[in-house]
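Participant: My structure file structure-v5.cif, mmCIF, C-alpha atoms, is below:
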data_input
loop_
_atom_site.label_atom_id
_atom_site.label_comp_id
_atom_site.auth_asym_id
_atom_site.auth_seq_id
_atom_site.Cartn_x
_atom_site.Cartn_y
_atom_site.Cartn_z
CA MET A 102 -3.34 -7.64 14.99
CA VAL A 103 0.29 -6.90 14.15
CA ARG A 104 2.11 -5.65 17.24
CA SER A 105 5.06 -3.30 17.22
CA VAL A 106 6.82 -2.01 20.31
CA THR A 107 8.92 0.60 18.53
CA SER A 108 6.18 2.53 16.71
CA PHE A 109 5.43 5.97 18.17
CA GLY A 110 2.03 5.31 19.72
CA ARG A 111 1.87 1.49 19.40
CA SER A 112 -1.23 2.01 17.27
CA GLY A 113 -1.52 2.69 13.56
CA LEU A 114 -4.34 5.16 14.07
CA SER A 115 -2.46 7.07 16.76
CA ASP A 116 0.69 7.35 14.62
CA TRP A 117 -1.33 8.39 11.60
CA LEU A 118 -3.19 11.06 13.58
CA VAL A 119 -0.01 12.38 15.24
CA GLN A 120 1.70 12.58 11.85
CA ARG A 121 -1.14 14.62 10.34
CA VAL A 122 -1.59 16.97 13.30
CA SER A 123 2.18 17.50 13.65
CA ALA A 124 2.38 18.27 9.91
CA VAL A 125 -0.21 21.03 10.34
CA ILE A 126 1.66 22.49 13.35
CA ILE A 127 4.99 22.44 11.45
CA LEU A 128 3.35 24.08 8.42
CA ALA A 129 1.77 26.77 10.64
CA TRP A 130 5.17 27.48 12.28
CA PHE A 131 6.98 27.77 8.95
CA MET A 132 4.23 30.03 7.58
CA CYS A 133 4.52 32.22 10.67
CA ILE A 134 8.32 32.43 10.36
CA GLY A 135 8.10 32.88 6.58
CA GLY A 136 5.60 35.71 6.98
CA THR A 137 7.85 37.39 9.56
CA LEU A 138 10.92 37.13 7.34
CA MET A 139 9.08 38.39 4.25
CA GLY A 140 7.94 41.44 6.20
CA GLY A 141 11.60 42.31 6.77
CA VAL A 142 13.18 41.82 10.19
CA ASP A 143 16.50 42.83 11.74
CA TYR A 144 18.33 41.07 14.58
CA THR A 145 16.76 43.20 17.34
CA GLN A 146 13.23 42.55 16.10
CA TRP A 147 14.03 38.83 15.61
CA LYS A 148 15.33 38.63 19.21
CA THR A 149 12.26 40.45 20.52
CA ILE A 150 9.99 37.98 18.76
CA PHE A 151 11.79 35.01 20.33
CA ASP A 152 11.97 36.67 23.76
CA GLY A 153 8.18 36.40 23.93
CA THR A 154 6.85 33.31 25.76
CA SER A 155 4.15 32.63 23.17
CA MET A 156 6.70 32.37 20.33
CA ARG A 157 8.95 30.18 22.44
CA VAL A 158 6.09 27.85 23.32
CA PHE A 159 4.93 27.78 19.69
CA THR A 160 8.48 26.95 18.55
CA LEU A 161 8.83 24.25 21.19
CA LEU A 162 5.53 22.80 19.98
CA ALA A 163 6.90 22.85 16.42
CA ILE A 164 10.14 21.15 17.53
CA LEU A 165 8.25 18.42 19.40
CA SER A 166 5.92 18.00 16.41
CA LEU A 167 8.95 17.67 14.13
CA ALA A 168 10.45 15.07 16.47
CA ALA A 169 7.26 12.98 16.52
CA HIS A 170 6.77 13.44 12.76
CA ALA A 171 10.36 12.44 12.04
CA TRP A 172 10.23 9.36 14.26
CA ILE A 173 7.01 8.07 12.65
CA GLY A 174 8.41 8.68 9.15
CA MET A 175 11.85 7.19 9.84
CA TRP A 176 10.28 4.23 11.62
CA ALA A 177 8.14 3.53 8.54
CA VAL A 178 11.22 3.71 6.28
CA GLY A 179 13.18 1.37 8.56
CA THR A 180 10.39 -1.18 8.80
CA ASP A 181 10.02 -1.11 5.01
CA TYR A 182 13.63 -1.64 3.98
CA LEU A 183 15.60 -2.95 6.97
CA THR A 184 13.69 -6.14 7.62
CA GLU A 185 14.43 -9.79 8.20
CA ARG A 186 12.31 -10.59 5.17
CA LEU A 187 14.54 -8.56 2.84
CA MET A 188 17.95 -8.94 4.51
CA GLY A 189 17.82 -12.04 6.66
CA PRO A 190 18.56 -11.94 10.41
CA ARG A 191 20.99 -9.01 10.02
CA GLY A 192 17.98 -6.90 8.96
CA ASN A 193 16.76 -6.96 12.57
CA VAL A 194 20.14 -5.86 13.90
CA LEU A 195 20.45 -3.09 11.30
CA ARG A 196 16.92 -1.88 11.95
CA LEU A 197 17.45 -1.71 15.71
CA ALA A 198 20.75 0.15 15.22
CA TYR A 199 19.04 2.49 12.75
CA GLN A 200 16.18 3.13 15.20
CA ILE A 201 18.57 3.84 18.06
CA GLY A 202 20.54 6.18 15.77
CA CYS A 203 17.38 8.01 14.67
CA SER A 204 16.09 8.39 18.23
CA LEU A 205 19.46 9.75 19.41
CA VAL A 206 19.60 12.33 16.59
CA ILE A 207 16.01 13.39 17.27
CA PHE A 208 16.70 13.61 21.02
CA VAL A 209 19.79 15.79 20.40
CA TYR A 210 17.80 18.09 18.11
CA VAL A 211 15.03 18.51 20.71
CA ILE A 212 17.49 19.32 23.53
CA TRP A 213 19.48 21.62 21.25
CA GLY A 214 16.28 23.41 20.23
CA ILE A 215 15.25 23.92 23.85
CA GLN A 216 18.74 25.20 24.65
CA ILE A 217 18.56 27.73 21.81
CA LEU A 218 15.09 28.89 22.85
CA TRP A 219 15.75 29.30 26.56
CA GLY A 220 19.55 29.40 26.65
CA MET B 50 6.00 -8.34 -36.48
CA LEU B 51 5.48 -7.50 -32.83
CA GLN B 52 8.63 -7.74 -30.70
CA VAL B 53 7.74 -9.52 -27.48
CA SER B 54 10.14 -9.93 -24.59
CA ILE B 55 8.89 -12.48 -22.11
CA TYR B 56 10.16 -13.32 -18.62
CA ARG B 57 11.23 -16.95 -18.40
CA TYR B 58 12.15 -18.91 -15.33
CA ASN B 59 11.87 -22.59 -14.62
CA PRO B 60 13.36 -23.26 -11.16
CA GLU B 61 13.99 -26.90 -12.13
CA THR B 62 16.24 -26.08 -15.08
CA ASP B 63 17.24 -22.38 -14.91
CA ALA B 64 19.84 -21.00 -12.52
CA GLU B 65 18.23 -17.57 -12.79
CA PRO B 66 15.44 -15.82 -14.70
CA TYR B 67 16.04 -14.41 -18.18
CA MET B 68 14.11 -12.48 -20.83
CA GLN B 69 13.28 -14.36 -24.05
CA ASP B 70 12.72 -12.37 -27.25
CA VAL B 71 9.97 -13.62 -29.53
CA GLN B 72 8.51 -12.20 -32.72
CA VAL B 73 4.77 -12.52 -33.16
CA ASP B 74 2.81 -11.91 -36.35
CA THR B 75 -0.39 -10.20 -35.23
CA GLY B 76 -1.55 -9.64 -38.80
CA GLY B 77 -2.00 -5.97 -38.01
CA LYS B 78 -4.90 -6.76 -35.68
CA ASP B 79 -5.39 -5.10 -32.31
CA LEU B 80 -5.34 -8.38 -30.39
CA MET B 81 -5.52 -8.81 -26.65
CA VAL B 82 -2.25 -9.56 -24.88
CA LEU B 83 -3.61 -13.01 -23.95
CA ASP B 84 -4.05 -13.76 -27.69
CA VAL B 85 -0.36 -12.93 -28.17
CA LEU B 86 0.55 -15.24 -25.29
CA GLU B 87 -1.52 -18.01 -26.86
CA MET B 88 0.32 -17.50 -30.17
CA ILE B 89 3.65 -17.71 -28.36
CA LYS B 90 2.50 -20.84 -26.56
CA SER B 91 1.57 -22.45 -29.87
CA GLN B 92 5.23 -22.01 -30.93
CA ASP B 93 6.78 -22.85 -27.55
CA THR B 94 4.65 -25.01 -25.31
CA THR B 95 6.97 -24.55 -22.31
CA VAL B 96 5.80 -20.96 -21.71
CA GLY B 97 3.82 -20.89 -18.46
CA TYR B 98 1.00 -18.51 -17.54
CA ARG B 99 -2.42 -18.69 -15.92
CA ARG B 100 -5.64 -18.09 -17.80
CA SER B 101 -9.22 -19.22 -17.59
CA CYS B 102 -12.27 -17.20 -18.63
CA ARG B 103 -10.44 -14.91 -21.11
CA GLU B 104 -12.97 -12.14 -20.50
CA GLY B 105 -11.80 -10.29 -17.39
CA VAL B 106 -13.98 -12.14 -14.90
CA CYS B 107 -11.83 -14.85 -13.31
CA GLY B 108 -8.75 -12.71 -12.60
CA SER B 109 -6.31 -15.51 -13.47
CA ASP B 110 -4.12 -13.78 -16.02
CA GLY B 111 -2.89 -10.79 -14.06
CA ILE B 112 0.59 -9.98 -15.40
CA ASN B 113 2.88 -6.99 -15.85
CA MET B 114 2.69 -5.60 -19.39
CA ASN B 115 5.24 -2.96 -20.35
CA GLY B 116 5.60 -2.08 -16.67
CA VAL B 117 1.90 -1.88 -15.84
CA ASN B 118 -0.10 -4.61 -14.10
CA GLY B 119 -3.32 -5.71 -15.75
CA LEU B 120 -5.33 -8.61 -17.10
CA ALA B 121 -3.83 -9.97 -20.32
CA CYS B 122 -7.25 -11.02 -21.61
CA ILE B 123 -8.81 -7.55 -21.61
CA THR B 124 -5.73 -5.45 -22.42
CA PRO B 125 -5.58 -4.67 -26.15
CA LEU B 126 -2.14 -4.27 -27.72
CA SER B 127 -3.03 -0.69 -28.68
CA GLU B 128 -3.27 0.15 -24.99
CA THR B 129 0.09 -1.22 -23.91
CA VAL B 130 2.50 -1.62 -26.86
CA LYS B 131 5.04 1.15 -27.33
CA ASN B 132 7.45 1.29 -30.29
CA ASN B 133 6.24 -2.14 -31.42
CA LYS B 134 7.65 -3.67 -28.23
CA LEU B 135 5.80 -5.65 -25.57
CA VAL B 136 7.58 -6.69 -22.38
CA LEU B 137 5.75 -9.31 -20.32
CA ARG B 138 6.74 -10.04 -16.74
CA PRO B 139 5.03 -11.76 -13.79
CA LEU B 140 3.22 -9.62 -11.23
CA PRO B 141 5.96 -7.88 -9.21
CA GLY B 142 6.52 -8.54 -5.52
CA LEU B 143 5.19 -12.09 -5.53
CA PRO B 144 7.43 -15.19 -5.69
CA VAL B 145 7.63 -16.69 -9.19
CA VAL B 146 6.54 -20.29 -9.52
CA ARG B 147 7.42 -20.45 -13.21
CA ASP B 148 7.57 -17.91 -16.06
CA LEU B 149 4.50 -15.65 -15.61
CA VAL B 150 2.95 -17.77 -12.87
CA VAL B 151 3.32 -16.33 -9.35
CA ASP B 152 2.72 -17.78 -5.91
CA MET B 153 -0.31 -15.92 -4.54
CA SER B 154 -0.22 -17.51 -1.05
CA MET B 155 0.71 -14.26 0.73
CA PHE B 156 -1.99 -12.38 -1.17
CA TYR B 157 -4.63 -14.94 -0.17
CA ALA B 158 -3.37 -15.03 3.44
CA GLN B 159 -4.06 -11.28 3.71
CA TYR B 160 -7.47 -11.76 2.10
CA GLU B 161 -8.26 -14.46 4.68
CA LYS B 162 -7.26 -12.10 7.52
CA VAL B 163 -10.11 -9.68 6.78
CA GLN B 164 -12.65 -12.49 7.21
CA PRO B 165 -14.34 -11.86 3.86
CA TYR B 166 -17.74 -13.23 4.73
CA LEU B 167 -20.85 -11.79 6.33
CA GLN B 168 -20.97 -12.09 10.11
CA ASN B 169 -24.24 -11.55 11.90
CA ASP B 170 -24.93 -12.72 15.44
CA THR B 171 -28.68 -12.04 15.37
CA PRO B 172 -31.10 -14.94 14.73
CA ALA B 173 -31.37 -15.77 11.05
CA PRO B 174 -34.68 -14.70 9.47
CA ALA B 175 -36.91 -17.23 7.76
CA ILE B 176 -35.89 -16.34 4.22
CA GLU B 177 -33.08 -13.78 3.97
CA ARG B 178 -31.58 -10.68 5.60
CA LEU B 179 -33.14 -7.76 3.81
CA GLN B 180 -31.31 -4.61 2.86
CA SER B 181 -32.65 -1.33 1.53
CA PRO B 182 -31.63 -0.30 -2.01
CA GLU B 183 -29.73 2.63 -0.47
CA ASP B 184 -27.74 0.34 1.82
CA ARG B 185 -27.10 -2.05 -1.03
CA GLU B 186 -25.72 0.83 -3.09
CA LYS B 187 -22.98 1.30 -0.49
CA LEU B 188 -21.44 -1.97 -1.68
CA ASP B 189 -21.08 -0.79 -5.28
CA GLY B 190 -17.44 -0.35 -6.22
CA LEU B 191 -16.44 -2.87 -3.54
CA TYR B 192 -17.99 -6.25 -4.29
CA GLU B 193 -16.79 -6.28 -7.90
CA CYS B 194 -13.18 -7.14 -6.96
CA ILE B 195 -12.08 -10.36 -8.72
CA LEU B 196 -8.91 -10.89 -6.64
CA CYS B 197 -6.56 -10.71 -9.61
CA ALA B 198 -3.87 -9.14 -7.35
CA CYS B 199 -2.96 -6.48 -9.94
CA CYS B 200 -3.44 -3.77 -7.29
CA SER B 201 -1.58 -5.37 -4.39
CA ALA B 202 1.28 -6.37 -6.71
CA ALA B 203 1.57 -2.71 -7.81
CA CYS B 204 1.79 -1.43 -4.24
CA PRO B 205 5.31 -0.83 -2.80
CA SER B 206 3.96 -1.12 0.75
CA PHE B 207 2.74 -4.61 -0.13
CA TRP B 208 6.09 -5.47 -1.76
CA TRP B 209 7.98 -4.64 1.43
CA ASN B 210 5.48 -5.99 3.96
CA PRO B 211 3.28 -8.61 2.29
CA ASP B 212 3.05 -10.49 5.58
CA ARG B 213 1.82 -7.51 7.62
CA PHE B 214 0.15 -4.98 5.28
CA ILE B 215 -3.25 -6.26 4.15
CA GLY B 216 -2.82 -4.62 0.75
CA PRO B 217 -5.32 -2.71 -1.39
CA SER B 218 -7.31 -5.74 -2.51
CA GLY B 219 -7.77 -7.13 1.00
CA LEU B 220 -8.64 -3.71 2.38
CA LEU B 221 -11.22 -3.14 -0.35
CA GLN B 222 -12.81 -6.41 0.77
CA ALA B 223 -12.47 -5.41 4.44
CA TYR B 224 -14.43 -2.24 3.73
CA ARG B 225 -16.96 -4.18 1.65
CA PHE B 226 -18.00 -5.96 4.91
CA LEU B 227 -17.54 -2.91 7.14
CA ALA B 228 -19.95 -1.04 4.87
CA ASP B 229 -22.48 -3.86 4.81
CA THR B 230 -25.43 -2.98 7.05
CA ARG B 231 -26.19 -6.68 7.54
CA ASP B 232 -22.81 -7.32 9.16
CA THR B 233 -22.63 -6.99 12.96
CA ALA B 234 -18.90 -7.62 13.49
CA THR B 235 -17.85 -4.05 12.66
CA ASP B 236 -16.10 -3.43 15.97
CA GLU B 237 -14.17 -6.71 15.90
CA ARG B 238 -13.17 -6.10 12.29
CA LEU B 239 -11.89 -2.59 13.10
CA ALA B 240 -10.02 -3.83 16.18
CA GLN B 241 -8.13 -6.25 13.92
CA LEU B 242 -7.03 -3.40 11.64
CA ASP B 243 -5.80 -0.85 14.20
CA ASP B 244 -2.07 -1.56 14.12
CA PRO B 245 0.79 0.25 12.35
CA PHE B 246 0.83 -2.15 9.39
CA SER B 247 -2.53 -3.63 8.38
CA VAL B 248 -4.13 -0.41 7.08
CA PHE B 249 -1.72 2.41 7.86
CA ARG B 250 1.08 1.22 5.60
CA CYS B 251 -1.00 2.69 2.78
CA HIS B 252 0.62 6.01 1.88
CA GLY B 253 -2.05 6.86 -0.67
CA ILE B 254 0.11 6.72 -3.80
CA GLN B 255 -2.83 5.21 -5.70
CA ASN B 256 -0.92 2.72 -7.86
CA CYS B 257 -3.81 0.38 -7.02
CA VAL B 258 -6.36 2.76 -8.50
CA ASN B 259 -4.20 3.17 -11.62
CA VAL B 260 -3.99 -0.53 -12.42
CA CYS B 261 -7.30 -2.00 -11.25
CA PRO B 262 -8.77 -3.69 -14.35
CA LYS B 263 -12.26 -3.33 -12.90
CA GLY B 264 -11.91 0.42 -12.33
CA LEU B 265 -12.23 0.13 -8.54
CA ASN B 266 -10.76 2.53 -6.00
CA PRO B 267 -9.09 0.76 -3.05
CA THR B 268 -7.51 4.03 -1.85
CA ARG B 269 -10.96 5.51 -1.25
CA ALA B 270 -12.03 2.38 0.63
CA ILE B 271 -8.89 2.60 2.79
CA GLY B 272 -9.76 6.24 3.53
CA HIS B 273 -13.22 5.12 4.70
CA ILE B 274 -11.63 2.48 6.97
CA ARG B 275 -9.34 5.15 8.49
CA ASN B 276 -12.34 7.37 9.14
CA MET B 277 -14.21 4.49 10.79
CA LEU B 278 -11.17 3.75 12.98
CA LEU B 279 -10.97 7.44 13.88
CA SER B 280 -14.68 7.65 14.76
CA ARG B 281 -14.39 4.53 16.87
CA ALA B 282 -11.33 5.69 18.81
CA THR B 283 -11.98 9.39 19.43
#
Could you take the file, read its structure, and then write that structure out as structure tokens?
Facilitator:
Amino acid sequence: MVRSVTSFGRSGLSDWLVQRVSAVIILAWFMCIGGTLMGGVDYTQWKTIFDGTSMRVFTLLAILSLAAHAWIGMWAVGTDYLTERLMGPRGNVLRLAYQIGCSLVIFVYVIWGIQILWG
Amino acid sequence: MLQVSIYRYNPETDAEPYMQDVQVDTGGKDLMVLDVLEMIKSQDTTVGYRRSCREGVCGSDGINMNGVNGLACITPLSETVKNNKLVLRPLPGLPVVRDLVVDMSMFYAQYEKVQPYLQNDTPAPAIERLQSPEDREKLDGLYECILCACCSAACPSFWWNPDRFIGPSGLLQAYRFLADTRDTATDERLAQLDDPFSVFRCHGIQNCVNVCPKGLNPTRAIGHIRNMLLSRAT
């Protein structure tokens, strides 16, 4: 079995399942927001919607799903193109730097999202 | 006259690969691409390519014809030639040994990983292990693979990770034994496949299905493997 310590769940099946489930959650969130916007909404109504705990929890779920989804996708891109096989030893250095960069950006987005929701 | 552009590379004499233009008189006949290669070889004996059965059974002459992988011996010119031009290249993603001949070691290493033989730990019967016609039918569309590598060499995931992604051909063979009711190593086989690369590097783009000269569907087999892994783990 091929081992990988930087993949999301350390297992191909787990990553695959998380990516599919998170995609459904993200789609449901965007459909919910899209439906709300299409119905016409002003700032007061928008604020009321996001003052509700259920919408906040749903949005947090969508943010966490996006973070997991993004990590699995970006990890797959990095392990396709930034590899020792394609670039020599510097491929490993670049990939690790790329993974650290991706995880930092995702981390910032999650914290920022939480701050917006409950700030 | 058919305009043929053929990939040439001899590592002993050429610094880098180049395309050689050749004109071939097909006499207006709808020949197979292998016939055209034979005609070129009769003019220039240094052209290298593999061939054997010339009827789509041995899988030796897998090459890239006008951008699409296939078997030269069963691909008629009418199917591949556009604007009277035929571009012949080796299978992409595999190291070139010479001209159209590629090194298939990585492809075979992945095939070996799936242990493509029946494993059964129960005592052998006197004559043979029987299988119902219904169970035998489950192997249709799987056992016919001739290991020509057209599918794996058309798969970007295999290009980038030929050492870790099994590839469509190997996975078709993996499922051929997972689906075989006479095989008792299902759990061990699945355990070997549950990592981020072996199976899950398949993103379902179906290039393999597009190019398979035998009309097989590795993507569907990979889907079955995923479902088996899911059933086993949840």
Participant: Could you tell me, as a PyMOL selection string, exactly which residues end up selected when the PyMOL selection byres ((chain A and resi 199) around 12) is applied to this structure?
Facilitator: chain A and resi 107+172+175-180+182-184+191-198+200-206
Participant: Please write as a PDB file with C-alpha atoms, in the frame of the given file the list of polymer residues whose atoms come within 8 Å of (-4.6, 0.0, -19.3), counting all atoms listed in the file and keeping to the coordinates of the file.
Facilitator:
ATOM      1  CA  VAL B 117       1.900  -1.880 -15.840  1.00  0.00           C
ATOM      2  CA  GLY B 119      -3.320  -5.710 -15.750  1.00  0.00           C
ATOM      3  CA  THR B 124      -5.730  -5.450 -22.420  1.00  0.00           C
ATOM      4  CA  GLU B 128      -3.270   0.150 -24.990  1.00  0.00           C
ATOM      5  CA  THR B 129       0.090  -1.220 -23.910  1.00  0.00           C
ATOM      6  CA  VAL B 260      -3.990  -0.530 -12.420  1.00  0.00           C
ATOM      7  CA  PRO B 262      -8.770  -3.690 -14.350  1.00  0.00           C
TER       8      PRO B 262
END
Participant: List every residue of chain A that has an atom at most 9 Å from any atom of chain B, giving for each one its closest atom pair and the distance in Å to one decimal, counting all atoms listed in the file, sorted by chain and then by ascending residue number, as JSON lines.
Facilitator:
{"residue": "A:Met102", "atom": "CA", "partner": "B:Gln241", "partner_atom": "CA", "distance": 5.1}
{"residue": "A:Val103", "atom": "CA", "partner": "B:Asp244", "partner_atom": "CA", "distance": 5.8}
{"residue": "A:Arg104", "atom": "CA", "partner": "B:Asp244", "partner_atom": "CA", "distance": 6.6}
{"residue": "A:Ser105", "atom": "CA", "partner": "B:Pro245", "partner_atom": "CA", "distance": 7.4}
{"residue": "A:Ser108", "atom": "CA", "partner": "B:Pro245", "partner_atom": "CA", "distance": 7.3}
{"residue": "A:Arg111", "atom": "CA", "partner": "B:Pro245", "partner_atom": "CA", "distance": 7.2}
{"residue": "A:Ser112", "atom": "CA", "partner": "B:Asp244", "partner_atom": "CA", "distance": 4.8}
{"residue": "A:Gly113", "atom": "CA", "partner": "B:Pro245", "partner_atom": "CA", "distance": 3.6}
{"residue": "A:Leu114", "atom": "CA", "partner": "B:Asp243", "partner_atom": "CA", "distance": 6.2}
{"residue": "A:Ser115", "atom": "CA", "partner": "B:Pro245", "partner_atom": "CA", "distance": 8.7}
{"residue": "A:Asp116", "atom": "CA", "partner": "B:Pro245", "partner_atom": "CA", "distance": 7.5}
{"residue": "A:Trp117", "atom": "CA", "partner": "B:Phe249", "partner_atom": "CA", "distance": 7.1}
{"residue": "A:Leu118", "atom": "CA", "partner": "B:Leu279", "partner_atom": "CA", "distance": 8.6}
{"residue": "A:Ala177", "atom": "CA", "partner": "B:Arg250", "partner_atom": "CA", "distance": 8.0}
{"residue": "A:Thr180", "atom": "CA", "partner": "B:Asn210", "partner_atom": "CA", "distance": 8.4}
{"residue": "A:Asp181", "atom": "CA", "partner": "B:Trp209", "partner_atom": "CA", "distance": 5.4}
{"residue": "A:Tyr182", "atom": "CA", "partner": "B:Trp209", "partner_atom": "CA", "distance": 6.9}
{"residue": "A:Thr184", "atom": "CA", "partner": "B:Trp209", "partner_atom": "CA", "distance": 8.6}
{"residue": "A:Arg186", "atom": "CA", "partner": "B:Trp209", "partner_atom": "CA", "distance": 8.3}
{"residue": "A:Leu187", "atom": "CA", "partner": "B:Trp209", "partner_atom": "CA", "distance": 7.8}
Participant: Considering all atoms listed in the file, can you say which of B:Leu220, B:Thr283, B:Gln69, B:Leu227 comes closest to Asn169 (chain B)?
Facilitator: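 Of all the options, B:Leu227 lies closest to Asn169 (chain B).
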Participant: Report the distance between CA of Ala158 (chain B) and CA of Pro267 (chain B) in Å, rounded to one decimal place.
Facilitator: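 Here the two named atoms are 18.0 Å from each other.
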Participant: Leaving out Tyr98 (chain B) and any residue of its chain fewer than 3 positions from it, which residues lie within 9 Å of it when counting only C-alpha atoms, given as a compact mmCIF listing (two decimals) with C-alpha atoms, keeping the file's coordinate frame?
Facilitator:
# COMPACT_ATOMS: atom_id res chain seq x y z
CA LEU B 86 0.55 -15.24 -25.29
CA SER B 109 -6.31 -15.51 -13.47
CA ASP B 110 -4.12 -13.78 -16.02
CA ILE B 112 0.59 -9.98 -15.40
CA PRO B 139 5.03 -11.76 -13.79
CA ARG B 147 7.42 -20.45 -13.21
CA ASP B 148 7.57 -17.91 -16.06
CA LEU B 149 4.50 -15.65 -15.61
CA VAL B 150 2.95 -17.77 -12.87
CA VAL B 151 3.32 -16.33 -9.35
Participant: Report the distance between CA of Lys90 (chain B) and CA of Pro60 (chain B) in Å, rounded to one decimal place.
Facilitator: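 Spanning CA of Lys90 (chain B) to CA of Pro60 (chain B) is a straight-line distance of 19.0 Å.
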Participant: Rebuild region 205-211 of chain A to all heavy atoms - output it as an mmCIF file, in the frame of the given file, please.
Facilitator:
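Generated file (out.cif):
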data_model
loop_
_atom_site.group_PDB
_atom_site.id
_atom_site.type_symbol
_atom_site.label_atom_id
_atom_site.label_comp_id
_atom_site.auth_asym_id
_atom_site.auth_seq_id
_atom_site.Cartn_x
_atom_site.Cartn_y
_atom_site.Cartn_z
ATOM 1 N N LEU A 205 18.416 8.907 18.815
ATOM 2 C CA LEU A 205 19.460 9.750 19.410
ATOM 3 C C LEU A 205 19.539 11.106 18.706
ATOM 4 O O LEU A 205 19.610 12.155 19.349
ATOM 5 C CB LEU A 205 20.818 9.042 19.309
ATOM 6 C CG LEU A 205 21.131 8.036 20.428
ATOM 7 C CD1 LEU A 205 22.447 7.322 20.151
ATOM 8 C CD2 LEU A 205 21.180 8.742 21.788
ATOM 9 N N VAL A 206 19.527 11.076 17.364
ATOM 10 C CA VAL A 206 19.600 12.330 16.590
ATOM 11 C C VAL A 206 18.401 13.214 16.916
ATOM 12 O O VAL A 206 18.540 14.419 17.165
ATOM 13 C CB VAL A 206 19.662 12.018 15.073
ATOM 14 C CG1 VAL A 206 19.495 13.302 14.254
ATOM 15 C CG2 VAL A 206 20.982 11.338 14.720
ATOM 16 N N ILE A 207 17.216 12.615 16.972
ATOM 17 C CA ILE A 207 16.010 13.390 17.270
ATOM 18 C C ILE A 207 16.091 13.977 18.688
ATOM 19 O O ILE A 207 15.778 15.149 18.914
ATOM 20 C CB ILE A 207 14.742 12.507 17.103
ATOM 21 C CG1 ILE A 207 14.550 12.175 15.615
ATOM 22 C CG2 ILE A 207 13.503 13.211 17.646
ATOM 23 C CD1 ILE A 207 13.514 11.100 15.343
ATOM 24 N N PHE A 208 16.560 13.159 19.626
ATOM 25 C CA PHE A 208 16.700 13.610 21.020
ATOM 26 C C PHE A 208 17.657 14.811 21.092
ATOM 27 O O PHE A 208 17.356 15.826 21.735
ATOM 28 C CB PHE A 208 17.219 12.443 21.871
ATOM 29 C CG PHE A 208 17.503 12.807 23.303
ATOM 30 C CD1 PHE A 208 16.460 13.031 24.199
ATOM 31 C CD2 PHE A 208 18.807 12.938 23.763
ATOM 32 C CE1 PHE A 208 16.720 13.366 25.521
ATOM 33 C CE2 PHE A 208 19.074 13.276 25.080
ATOM 34 C CZ PHE A 208 18.020 13.493 25.960
ATOM 35 N N VAL A 209 18.807 14.698 20.395
ATOM 36 C CA VAL A 209 19.790 15.790 20.400
ATOM 37 C C VAL A 209 19.170 17.061 19.824
ATOM 38 O O VAL A 209 19.325 18.155 20.365
ATOM 39 C CB VAL A 209 21.059 15.376 19.620
ATOM 40 C CG1 VAL A 209 21.951 16.586 19.345
ATOM 41 C CG2 VAL A 209 21.839 14.320 20.390
ATOM 42 N N TYR A 210 18.426 16.914 18.726
ATOM 43 C CA TYR A 210 17.800 18.090 18.110
ATOM 44 C C TYR A 210 16.802 18.755 19.063
ATOM 45 O O TYR A 210 16.729 19.988 19.155
ATOM 46 C CB TYR A 210 17.101 17.700 16.797
ATOM 47 C CG TYR A 210 18.011 17.834 15.595
ATOM 48 C CD1 TYR A 210 18.507 16.719 14.938
ATOM 49 C CD2 TYR A 210 18.382 19.092 15.109
ATOM 50 C CE1 TYR A 210 19.352 16.835 13.844
ATOM 51 C CE2 TYR A 210 19.221 19.220 14.023
ATOM 52 C CZ TYR A 210 19.710 18.092 13.382
ATOM 53 O OH TYR A 210 20.544 18.223 12.311
ATOM 54 N N VAL A 211 16.024 17.945 19.777
ATOM 55 C CA VAL A 211 15.030 18.510 20.710
ATOM 56 C C VAL A 211 15.742 19.284 21.826
ATOM 57 O O VAL A 211 15.391 20.436 22.120
ATOM 58 C CB VAL A 211 14.127 17.398 21.304
ATOM 59 C CG1 VAL A 211 13.271 17.949 22.436
ATOM 60 C CG2 VAL A 211 13.232 16.821 20.213
#
